[in-house]
>>> print(open('work_1.csv').read())   # CSV, C-alpha atoms (C1' of nucleotides)
chain,number,residue,atom,x,y,z
A,134,MET,CA,90.6,-74.7,-36.8
A,135,PRO,CA,93.9,-74.0,-38.2
A,136,GLU,CA,95.2,-75.0,-41.6
A,137,LEU,CA,98.4,-73.8,-43.2
A,138,PRO,CA,97.4,-70.1,-43.5
A,139,GLU,CA,96.3,-69.9,-39.9
A,140,VAL,CA,99.4,-71.6,-38.6
A,141,GLU,CA,101.5,-69.3,-40.7
A,142,ALA,CA,99.7,-66.3,-39.3
A,143,GLN,CA,100.3,-67.6,-35.8
A,144,ARG,CA,104.0,-68.1,-36.7
A,145,ARG,CA,104.5,-64.6,-38.1
A,146,SER,CA,102.7,-63.0,-35.1
A,147,LEU,CA,105.0,-64.9,-32.7
A,148,LEU,CA,108.3,-63.7,-34.2
A,149,ALA,CA,108.3,-60.3,-32.5
A,150,PRO,CA,107.4,-61.5,-29.0
A,151,LEU,CA,109.5,-64.7,-29.1
A,152,ILE,CA,112.7,-64.3,-31.2
A,153,GLY,CA,115.5,-63.4,-28.8
A,154,ALA,CA,113.4,-63.9,-25.7
A,155,THR,CA,114.5,-66.2,-22.9
A,156,VAL,CA,112.2,-68.5,-21.1
A,157,ALA,CA,112.3,-67.6,-17.4
A,158,GLY,CA,109.6,-70.0,-16.2
A,159,VAL,CA,107.3,-72.8,-17.4
A,160,ASP,CA,104.0,-73.7,-15.8
A,161,ILE,CA,102.7,-77.1,-16.8
A,162,PHE,CA,98.9,-77.3,-16.1
A,163,ARG,CA,98.3,-80.4,-18.2
A,164,SER,CA,101.3,-82.6,-19.0
A,165,ASP,CA,99.2,-85.0,-21.0
A,166,ILE,CA,99.1,-82.6,-24.0
A,167,CYS,CA,102.9,-83.0,-24.2
A,168,ASP,CA,105.0,-85.8,-25.7
A,169,CYS,CA,108.6,-85.4,-24.7
A,170,ALA,CA,111.2,-87.5,-26.5
A,171,ASN,CA,114.9,-88.0,-25.9
A,172,ALA,CA,117.5,-88.3,-28.7
A,173,GLN,CA,116.5,-91.9,-29.3
A,174,GLY,CA,112.8,-91.0,-29.6
A,175,SER,CA,111.6,-92.7,-26.3
A,176,LEU,CA,109.1,-90.7,-24.3
A,177,HIS,CA,109.2,-89.4,-20.7
A,178,GLU,CA,107.1,-87.2,-18.5
A,179,ALA,CA,107.3,-83.5,-19.4
A,180,THR,CA,109.8,-81.4,-17.5
A,181,PRO,CA,110.3,-77.6,-17.6
A,182,ARG,CA,113.6,-78.2,-19.4
A,183,ASP,CA,111.9,-80.1,-22.2
A,184,LEU,CA,109.5,-77.2,-22.4
A,185,PHE,CA,112.3,-74.7,-22.9
A,186,LEU,CA,113.2,-73.5,-19.4
A,187,ALA,CA,116.3,-71.3,-19.8
A,188,ALA,CA,116.1,-71.5,-23.6
A,189,THR,CA,116.6,-68.4,-25.8
A,190,ILE,CA,114.4,-68.7,-28.8
A,191,THR,CA,116.2,-68.3,-32.1
A,192,ARG,CA,113.8,-69.5,-34.8
A,193,ILE,CA,110.2,-70.5,-35.6
A,194,ASP,CA,109.8,-73.0,-38.5
A,195,ARG,CA,106.7,-74.4,-40.2
A,196,ILE,CA,105.9,-77.3,-42.4
A,197,GLY,CA,102.3,-77.7,-43.4
A,198,LYS,CA,100.3,-77.2,-40.2
A,199,GLN,CA,103.2,-78.1,-37.9
A,200,MET,CA,105.2,-75.4,-36.1
A,201,ALA,CA,108.6,-75.8,-34.5
A,202,ILE,CA,110.0,-73.3,-31.9
A,203,ILE,CA,113.8,-73.7,-31.8
A,204,SER,CA,116.2,-72.8,-29.0
A,205,HIS,CA,119.8,-71.5,-29.1
A,206,ASP,CA,120.9,-75.0,-27.9
A,207,ASP,CA,118.9,-76.8,-30.6
A,208,ARG,CA,116.0,-77.9,-28.3
A,209,VAL,CA,112.8,-78.0,-30.2
A,210,MET,CA,109.1,-77.7,-29.4
A,211,ASN,CA,106.8,-78.9,-32.1
A,212,VAL,CA,103.4,-77.3,-31.7
A,213,HIS,CA,100.4,-78.7,-33.4
A,214,LEU,CA,97.1,-76.8,-33.0
A,215,GLY,CA,94.6,-79.5,-33.9
A,216,MET,CA,91.1,-78.1,-34.2
A,217,THR,CA,91.0,-75.5,-31.4
A,218,GLY,CA,94.6,-75.0,-30.3
A,219,MET,CA,96.1,-71.5,-30.1
A,220,LEU,CA,99.3,-69.9,-28.9
A,221,ILE,CA,98.6,-66.6,-27.2
A,222,ALA,CA,101.3,-63.9,-26.7
A,223,LEU,CA,100.6,-61.5,-23.9
A,224,ALA,CA,102.6,-58.3,-23.0
A,225,GLU,CA,103.8,-58.0,-19.4
A,226,GLY,CA,100.8,-57.5,-17.1
A,227,GLN,CA,98.2,-58.3,-19.9
A,228,GLN,CA,95.5,-60.9,-19.1
A,229,HIS,CA,93.8,-63.2,-21.5
A,230,HIS,CA,90.0,-62.9,-21.6
A,231,GLN,CA,89.5,-66.7,-21.8
A,232,PRO,CA,91.2,-68.2,-18.7
A,233,ASP,CA,89.9,-71.8,-19.2
A,234,HIS,CA,91.7,-74.6,-21.1
A,235,ILE,CA,95.1,-73.0,-20.7
A,236,HIS,CA,97.4,-76.1,-20.6
A,237,LEU,CA,100.9,-74.4,-20.6
A,238,ARG,CA,102.3,-71.0,-19.7
A,239,TRP,CA,105.8,-69.6,-20.4
A,240,THR,CA,107.1,-66.5,-18.8
A,241,LEU,CA,109.5,-64.6,-21.1
A,242,SER,CA,112.3,-62.2,-20.4
A,243,ARG,CA,115.0,-60.1,-22.2
A,244,ASN,CA,118.1,-58.9,-20.4
A,245,ASN,CA,116.6,-60.4,-17.2
A,246,GLN,CA,113.6,-58.1,-17.5
A,247,PRO,CA,110.1,-59.7,-17.8
A,248,THR,CA,108.6,-59.0,-21.2
A,249,GLY,CA,105.4,-61.1,-21.2
A,250,THR,CA,103.9,-64.6,-21.3
A,251,LEU,CA,103.0,-67.2,-23.9
A,252,LEU,CA,100.0,-69.5,-23.4
A,253,PHE,CA,99.0,-72.7,-25.1
A,254,ARG,CA,95.2,-72.9,-25.0
A,255,ASP,CA,93.2,-75.8,-26.6
A,256,PRO,CA,89.6,-76.6,-25.5
A,257,ARG,CA,89.2,-79.8,-27.4
A,258,ARG,CA,92.8,-81.0,-26.8
A,259,PHE,CA,93.2,-82.4,-30.3
A,260,GLY,CA,96.4,-80.4,-30.5
A,261,GLY,CA,99.6,-80.8,-28.5
A,262,ILE,CA,103.3,-80.1,-28.0
A,263,TRP,CA,106.1,-82.6,-29.0
A,264,THR,CA,109.5,-81.8,-27.7
A,265,PHE,CA,112.9,-83.1,-28.8
A,266,PRO,CA,116.5,-82.4,-27.7
A,267,THR,CA,117.6,-81.6,-31.3
A,268,HIS,CA,116.0,-80.4,-34.5
A,269,ALA,CA,117.4,-83.6,-36.2
A,270,ALA,CA,115.3,-85.8,-33.8
A,271,LEU,CA,112.2,-83.8,-34.6
A,272,ARG,CA,112.7,-84.5,-38.3
A,273,GLN,CA,113.6,-88.2,-37.7
A,274,TYR,CA,110.8,-89.1,-35.3
A,275,ARG,CA,107.9,-86.8,-36.0
A,276,TRP,CA,108.2,-85.0,-39.4
A,277,HIS,CA,109.5,-87.9,-41.5
A,278,ASN,CA,106.1,-88.7,-43.0
A,279,LEU,CA,105.1,-85.2,-44.0
A,280,GLY,CA,104.7,-84.5,-47.7
A,281,PRO,CA,106.0,-81.3,-49.3
A,282,ASP,CA,104.7,-78.0,-48.0
A,283,ALA,CA,101.5,-77.0,-49.7
A,284,LEU,CA,102.6,-73.4,-50.1
A,285,THR,CA,105.2,-74.4,-52.7
A,286,ILE,CA,103.6,-77.6,-54.1
A,287,THR,CA,104.2,-78.2,-57.9
A,288,ALA,CA,102.1,-80.0,-60.5
A,289,ASP,CA,104.8,-82.6,-60.8
A,290,GLN,CA,104.9,-83.4,-57.1
A,291,LEU,CA,101.1,-83.8,-57.0
A,292,GLN,CA,101.0,-85.9,-60.2
A,293,THR,CA,103.9,-88.2,-59.2
A,294,ARG,CA,102.3,-88.9,-55.8
A,295,LEU,CA,98.7,-89.4,-57.0
A,296,GLN,CA,98.4,-90.3,-60.6
A,297,ASN,CA,98.1,-94.1,-59.8
A,298,SER,CA,95.7,-93.6,-57.0
A,299,ASP,CA,91.9,-94.3,-57.2
A,300,ARG,CA,91.0,-92.2,-54.2
A,301,ALA,CA,88.9,-89.0,-54.5
A,302,ILE,CA,91.2,-86.0,-55.1
A,303,LYS,CA,89.8,-84.2,-52.0
A,304,ALA,CA,90.7,-87.2,-49.7
A,305,ALA,CA,94.2,-87.1,-51.1
A,306,LEU,CA,94.6,-83.4,-50.5
A,307,LEU,CA,93.7,-83.9,-46.9
A,308,ASP,CA,96.4,-86.5,-46.5
A,309,GLN,CA,99.4,-84.8,-44.8
A,310,ARG,CA,101.8,-87.5,-46.2
A,311,ILE,CA,100.9,-86.4,-49.7
A,312,ILE,CA,100.9,-82.7,-49.2
A,313,ALA,CA,101.3,-80.9,-45.9
A,314,GLY,CA,99.1,-78.0,-44.9
A,315,VAL,CA,95.7,-78.4,-46.7
A,316,GLY,CA,92.6,-79.0,-44.5
A,317,ASN,CA,88.9,-78.9,-45.1
A,318,ILE,CA,88.5,-75.2,-45.9
A,319,TYR,CA,91.4,-74.9,-48.3
A,320,ALA,CA,90.8,-78.3,-50.0
A,321,ASP,CA,87.3,-77.2,-51.1
A,322,GLU,CA,88.4,-73.6,-52.0
A,323,SER,CA,91.4,-74.9,-54.0
A,324,LEU,CA,89.3,-77.5,-55.9
A,325,PHE,CA,86.8,-74.8,-56.8
A,326,ARG,CA,89.5,-72.4,-58.0
A,327,ALA,CA,91.0,-75.3,-60.1
A,328,GLY,CA,87.6,-76.3,-61.5
A,329,VAL,CA,88.0,-79.9,-60.3
A,330,ALA,CA,85.1,-81.8,-58.7
A,331,PRO,CA,86.2,-83.0,-55.2
A,332,HIS,CA,85.1,-86.6,-55.9
A,333,THR,CA,87.2,-87.0,-59.1
A,334,ARG,CA,89.4,-90.0,-58.8
A,335,CYS,CA,93.1,-89.0,-58.9
A,336,SER,CA,93.9,-91.4,-61.7
A,337,ARG,CA,91.4,-89.6,-63.9
A,338,LEU,CA,93.0,-86.1,-63.7
A,339,LYS,CA,94.6,-84.9,-66.9
A,340,PRO,CA,98.1,-83.2,-66.9
A,341,ALA,CA,96.6,-79.7,-67.3
A,342,GLN,CA,94.4,-80.3,-64.3
A,343,TRP,CA,97.4,-81.2,-62.1
A,344,THR,CA,98.8,-77.8,-63.1
A,345,SER,CA,95.5,-75.9,-62.4
A,346,LEU,CA,95.3,-77.7,-59.0
A,347,ALA,CA,98.9,-76.9,-58.0
A,348,ASN,CA,98.4,-73.3,-59.0
A,349,ALA,CA,95.0,-73.1,-57.2
A,350,ILE,CA,96.5,-74.5,-54.0
A,351,THR,CA,99.5,-72.1,-53.9
A,352,GLY,CA,97.3,-69.2,-55.0
A,353,THR,CA,94.5,-69.8,-52.5
A,354,LEU,CA,97.0,-70.3,-49.6
A,355,SER,CA,99.0,-67.2,-50.5
A,356,THR,CA,96.0,-65.0,-50.6
A,357,ALA,CA,94.7,-66.5,-47.3
A,358,ILE,CA,98.1,-65.8,-45.6
A,359,ALA,CA,98.1,-62.2,-46.9
A,360,LEU,CA,94.7,-61.8,-45.2
A,361,GLY,CA,95.7,-63.5,-42.0
A,362,GLY,CA,93.8,-66.8,-42.5
A,363,SER,CA,90.1,-67.6,-42.0
A,364,THR,CA,88.3,-66.6,-38.8
A,365,LEU,CA,84.9,-68.5,-38.9
A,366,SER,CA,81.7,-67.2,-37.4
A,367,ASP,CA,82.4,-68.7,-34.0
A,368,GLY,CA,85.4,-66.4,-33.9
A,369,THR,CA,87.7,-68.9,-32.2
A,370,TYR,CA,90.7,-68.4,-34.4
A,371,THR,CA,93.0,-65.4,-34.2
A,372,ASP,CA,96.7,-64.9,-34.5
A,373,SER,CA,98.8,-65.0,-31.3
A,374,THR,CA,98.0,-61.3,-30.6
A,375,GLY,CA,94.2,-61.7,-31.0
A,376,LYS,CA,93.9,-60.3,-34.5
A,377,ALA,CA,91.2,-62.0,-36.6
A,378,GLY,CA,91.8,-63.1,-40.2
A,379,GLY,CA,89.9,-61.9,-43.3
A,380,PHE,CA,89.9,-64.8,-45.8
A,381,GLN,CA,86.5,-66.0,-44.5
A,382,ASN,CA,85.0,-63.2,-46.6
A,383,HIS,CA,86.5,-64.7,-49.7
A,384,HIS,CA,85.2,-68.3,-49.3
A,385,LYS,CA,83.6,-69.4,-52.5
A,386,VAL,CA,82.3,-72.8,-51.5
A,387,TYR,CA,83.3,-73.6,-47.9
A,388,GLY,CA,80.3,-73.0,-45.6
A,389,ARG,CA,78.0,-72.1,-48.6
A,390,ALA,CA,76.1,-75.3,-49.2
A,391,GLY,CA,72.7,-74.6,-50.8
A,392,LYS,CA,73.7,-71.1,-51.7
A,393,LEU,CA,74.4,-69.9,-55.3
A,394,CYS,CA,77.8,-70.1,-56.9
A,395,ALA,CA,79.4,-66.7,-57.0
A,396,LEU,CA,80.5,-67.3,-60.6
A,397,CYS,CA,77.6,-69.1,-62.3
A,398,LYS,CA,74.7,-68.9,-59.8
A,399,THR,CA,74.3,-72.7,-59.8
A,400,GLU,CA,73.2,-74.0,-56.4
A,401,LEU,CA,76.2,-75.4,-54.6
A,402,ARG,CA,76.1,-79.1,-53.7
A,403,THR,CA,77.3,-80.9,-50.6
A,404,LYS,CA,78.2,-84.4,-49.6
A,405,PRO,CA,80.7,-86.0,-47.2
A,406,ILE,CA,84.0,-87.0,-48.7
A,407,ALA,CA,86.6,-88.6,-46.4
A,408,GLN,CA,84.2,-88.0,-43.5
A,409,ARG,CA,84.4,-84.3,-44.0
A,410,THR,CA,81.6,-81.9,-45.2
A,411,THR,CA,82.4,-81.1,-48.8
A,412,VAL,CA,80.9,-78.3,-50.9
A,413,TRP,CA,81.3,-77.7,-54.7
A,414,CYS,CA,79.7,-76.2,-57.7
A,415,PRO,CA,78.5,-78.8,-60.2
A,416,THR,CA,78.8,-76.4,-63.1
A,417,CYS,CA,82.3,-74.9,-62.4
A,418,GLN,CA,83.7,-78.2,-61.2
A,419,PRO,CA,82.4,-80.8,-63.7
B,222,DA,C1',99.8,-101.5,-48.9
B,223,DC,C1',96.0,-99.1,-49.1
B,224,DC,C1',91.6,-96.9,-47.6
B,225,DC,C1',87.6,-96.3,-44.8
B,226,DG,C1',85.3,-95.5,-40.5
B,227,DC,C1',85.5,-94.3,-36.1
B,228,DA,C1',87.5,-92.5,-31.8
B,229,DC,C1',89.5,-88.8,-29.5
B,230,DC,C1',87.4,-83.9,-26.8
B,231,DT,C1',84.6,-79.6,-25.8
B,232,DG,C1',81.5,-76.0,-27.3
B,233,DT,C1',77.8,-74.1,-29.8
B,234,DA,C1',73.7,-73.9,-32.4
B,235,DA,C1',69.5,-75.9,-33.9
B,236,DG,C1',65.5,-78.8,-33.2
B,237,DC,C1',61.8,-80.7,-30.5
C,21,DT,C1',63.2,-73.0,-20.7
C,22,DG,C1',65.4,-77.4,-21.1
C,23,DC,C1',67.0,-81.7,-23.1
C,24,DT,C1',68.9,-84.0,-27.2
C,25,DT,C1',71.3,-84.1,-31.4
C,26,DA,C1',74.4,-82.7,-34.9
C,27,DC,C1',78.3,-80.6,-36.2
C,28,DA,C1',83.0,-78.1,-36.0
C,29,DG,C1',89.4,-75.8,-38.9
C,30,DG,C1',92.6,-82.4,-37.3
C,31,DT,C1',94.8,-86.6,-36.6
C,32,DG,C1',95.7,-91.7,-35.4
C,33,DC,C1',94.4,-96.3,-35.1
C,34,DG,C1',92.2,-100.8,-36.1
C,35,DG,C1',90.3,-103.6,-39.3
C,36,DG,C1',88.7,-105.0,-43.9
>>> encode(input="work_1.csv", output="C-alpha cells")
Amino acid sequence: MPELPEVEAQRRSLLAPLIGATVAGVDIFRSDICDCANAQGSLHEATPRDLFLAATITRIDRIGKQMAIISHDDRVMNVHLGMTGMLIALAEGQQHHQPDHIHLRWTLSRNNQPTGTLLFRDPRRFGGIWTFPTHAALRQYRWHNLGPDALTITADQLQTRLQNSDRAIKAALLDQRIIAGVGNIYADESLFRAGVAPHTRCSRLKPAQWTSLANAITGTLSTAIALGGSTLSDGTYTDSTGKAGGFQNHHKVYGRAGKLCALCKTELRTKPIAQRTTVWCPTCQP
DNA sequence: ACCCGCACCTGTAAGC
DNA sequence: TGCTTACAGGTGCGGG
C-alpha cells in the first residue's frame, strides 16, 4: 500500500492528535509485529515501556517509507506500514469500523484527560514497529542502509549511485538503499513523466535523463502528497483520520495496462520487472 | 559484491 | 454457488 506520499499523508494527519499527547496505556495484541532493541541493538520481548508508556510525543519524522514517532525522553518507535499497515487515530469514544487485525492500541491523554486512541492495523503483517531507547540507535541499527529521501533526490545523487550499474532503472528505483520512498506506483509514474523506459539499463542513461528523472520523481511525489497520496480501488489506504487520497485519479500508467496512453494514445505495455507489474508507454518512453 | 527469485501473510476478484 | 488461482502499495533472505 503505502509509498512515500501515503506515509507522509499519514505522518501529517498524525501531528494534531499525537504531538504533545501522553501515552496513558499500551495494549499489545500481537507482540510478534514488534522488534524492540536496547542501546546495543539486541532484541527483547516487547514491553509497554518500549511502546511508549508514559511518553509524551514531541516529533514525528519520516525518511522514505519509514516513520519515527519520538518521545520527550528520546525513545523512538519506527513504524513501517508494509503493504497493508495503517495507523488510525480515533477521538475519545470513537470506534473503528474494522475491528480485525488490530495489533497494537495506545490510549492518549492531555493534562490527565483522555483524548483518544491510536491503533496499528495490518492485515498482511508485512509491516511492523521497531523500537529503540534513543534516536541515535534507530539511525545506527535500522536506518543506516537507507538512501537519500526521494522527495529531495537530485540528478547528481541518482547518477553517482547508478551510472555504473547494469540493472534496469525501475529495479534500482525500488531499491531503498539507492533512494528511499519510491515503490511500484511512483516508480512507474515517475518513469513515464521522465520519458524513460523502465527496462533501460542504468549505465545507458544520458546526463539529461538523470535530470529529467530526478525532476520527475520529486514532481510526482510532491503532487501526490498535495493530493493525500493514492487510494486504490480496494479503498484500503486512507490517512490516519480515514480520509482517502486523490492521486489515483492522476495515474498515467499504473493500473492502466492495455489502455491508451493519455498523451499519445499508444496502447500501454506491461511486463514484470524486478518481480513487480510494470506498465509503460512504448512511444513516450522509448 | 551484486542481482534475482522466492518467501512472508491475508483479502479480493476473476475464472472455471 | 463454490472451489481454485492470480494478484496486490513491501521487504529480507538465500543462493547463484
>>> closest_atom_pairs(input="work_1.csv", of="chain C", to="chain A", cutoff="9 Å", atoms="all atoms listed in the file", output="Markdown table")
| residue | atom | partner | partner_atom | distance |
| --- | --- | --- | --- | --- |
| C:DA28 | C1' | A:Met216 | CA | 8.3 |
| C:DG29 | C1' | A:Met134 | CA | 2.7 |
| C:DG30 | C1' | A:Gly215 | CA | 4.9 |
| C:DT31 | C1' | A:Gly215 | CA | 7.6 |
>>> closest_atom_pairs(input="work_1.csv", of="chain A", to="chain B", cutoff="10 Å", atoms="all atoms listed in the file", output="JSON lines")
{"residue": "A:Thr217", "atom": "CA", "partner": "B:DT231", "partner_atom": "C1'", "distance": 9.4}
{"residue": "A:His234", "atom": "CA", "partner": "B:DT231", "partner_atom": "C1'", "distance": 9.9}
{"residue": "A:Asp255", "atom": "CA", "partner": "B:DT231", "partner_atom": "C1'", "distance": 9.4}
{"residue": "A:Pro256", "atom": "CA", "partner": "B:DT231", "partner_atom": "C1'", "distance": 5.8}
{"residue": "A:Arg257", "atom": "CA", "partner": "B:DC230", "partner_atom": "C1'", "distance": 4.5}
{"residue": "A:Arg258", "atom": "CA", "partner": "B:DC230", "partner_atom": "C1'", "distance": 6.1}
{"residue": "A:Phe259", "atom": "CA", "partner": "B:DC230", "partner_atom": "C1'", "distance": 6.9}
{"residue": "A:Ser298", "atom": "CA", "partner": "B:DC223", "partner_atom": "C1'", "distance": 9.6}
{"residue": "A:Asp299", "atom": "CA", "partner": "B:DC224", "partner_atom": "C1'", "distance": 10.0}
{"residue": "A:Arg300", "atom": "CA", "partner": "B:DC224", "partner_atom": "C1'", "distance": 8.1}
{"residue": "A:Ala304", "atom": "CA", "partner": "B:DC224", "partner_atom": "C1'", "distance": 10.0}
{"residue": "A:Asp367", "atom": "CA", "partner": "B:DT233", "partner_atom": "C1'", "distance": 8.2}
{"residue": "A:Ala407", "atom": "CA", "partner": "B:DC225", "partner_atom": "C1'", "distance": 7.9}
{"residue": "A:Gln408", "atom": "CA", "partner": "B:DG226", "partner_atom": "C1'", "distance": 8.2}
>>> atom_distance(input="work_1.csv", atom1="CA of Ala269 (chain A)", atom2="CA of Ala222 (chain A)")
27.2 Å
>>> residues_around(input="work_1.csv", residues="Arg182 (chain A)", least_positions_apart="3", cutoff="10 Å", atoms="all atoms listed in the file", output="ChimeraX atom specification")
/A:156,158-159,179,185-188,208,264,266
>>> atom_distance(input="work_1.csv", atom1="CA of Phe265 (chain A)", atom2="CA of Asp183 (chain A)")
7.3 Å
>>> atom_distance(input="work_1.csv", atom1="CA of Asp233 (chain A)", atom2="CA of Arg144 (chain A)")
22.8 Å
>>> residues_around(input="work_1.csv", residues="region 389-405 of chain A", least_positions_apart="6", cutoff="10 Å", atoms="all atoms listed in the file", output="list in words")
Pro331, His332, Thr411, Val412, Trp413, Cys414, Pro415, Thr416 and Cys417 of chain A
>>> residues_near_point(input="work_1.csv", point="(84.1, -75.4, -55.4)", cutoff="6 Å", atoms="only C-alpha atoms (C1' of nucleotides)", output="NGL selection string")
:A and (321-322 or 324-325 or 386 or 413-414)
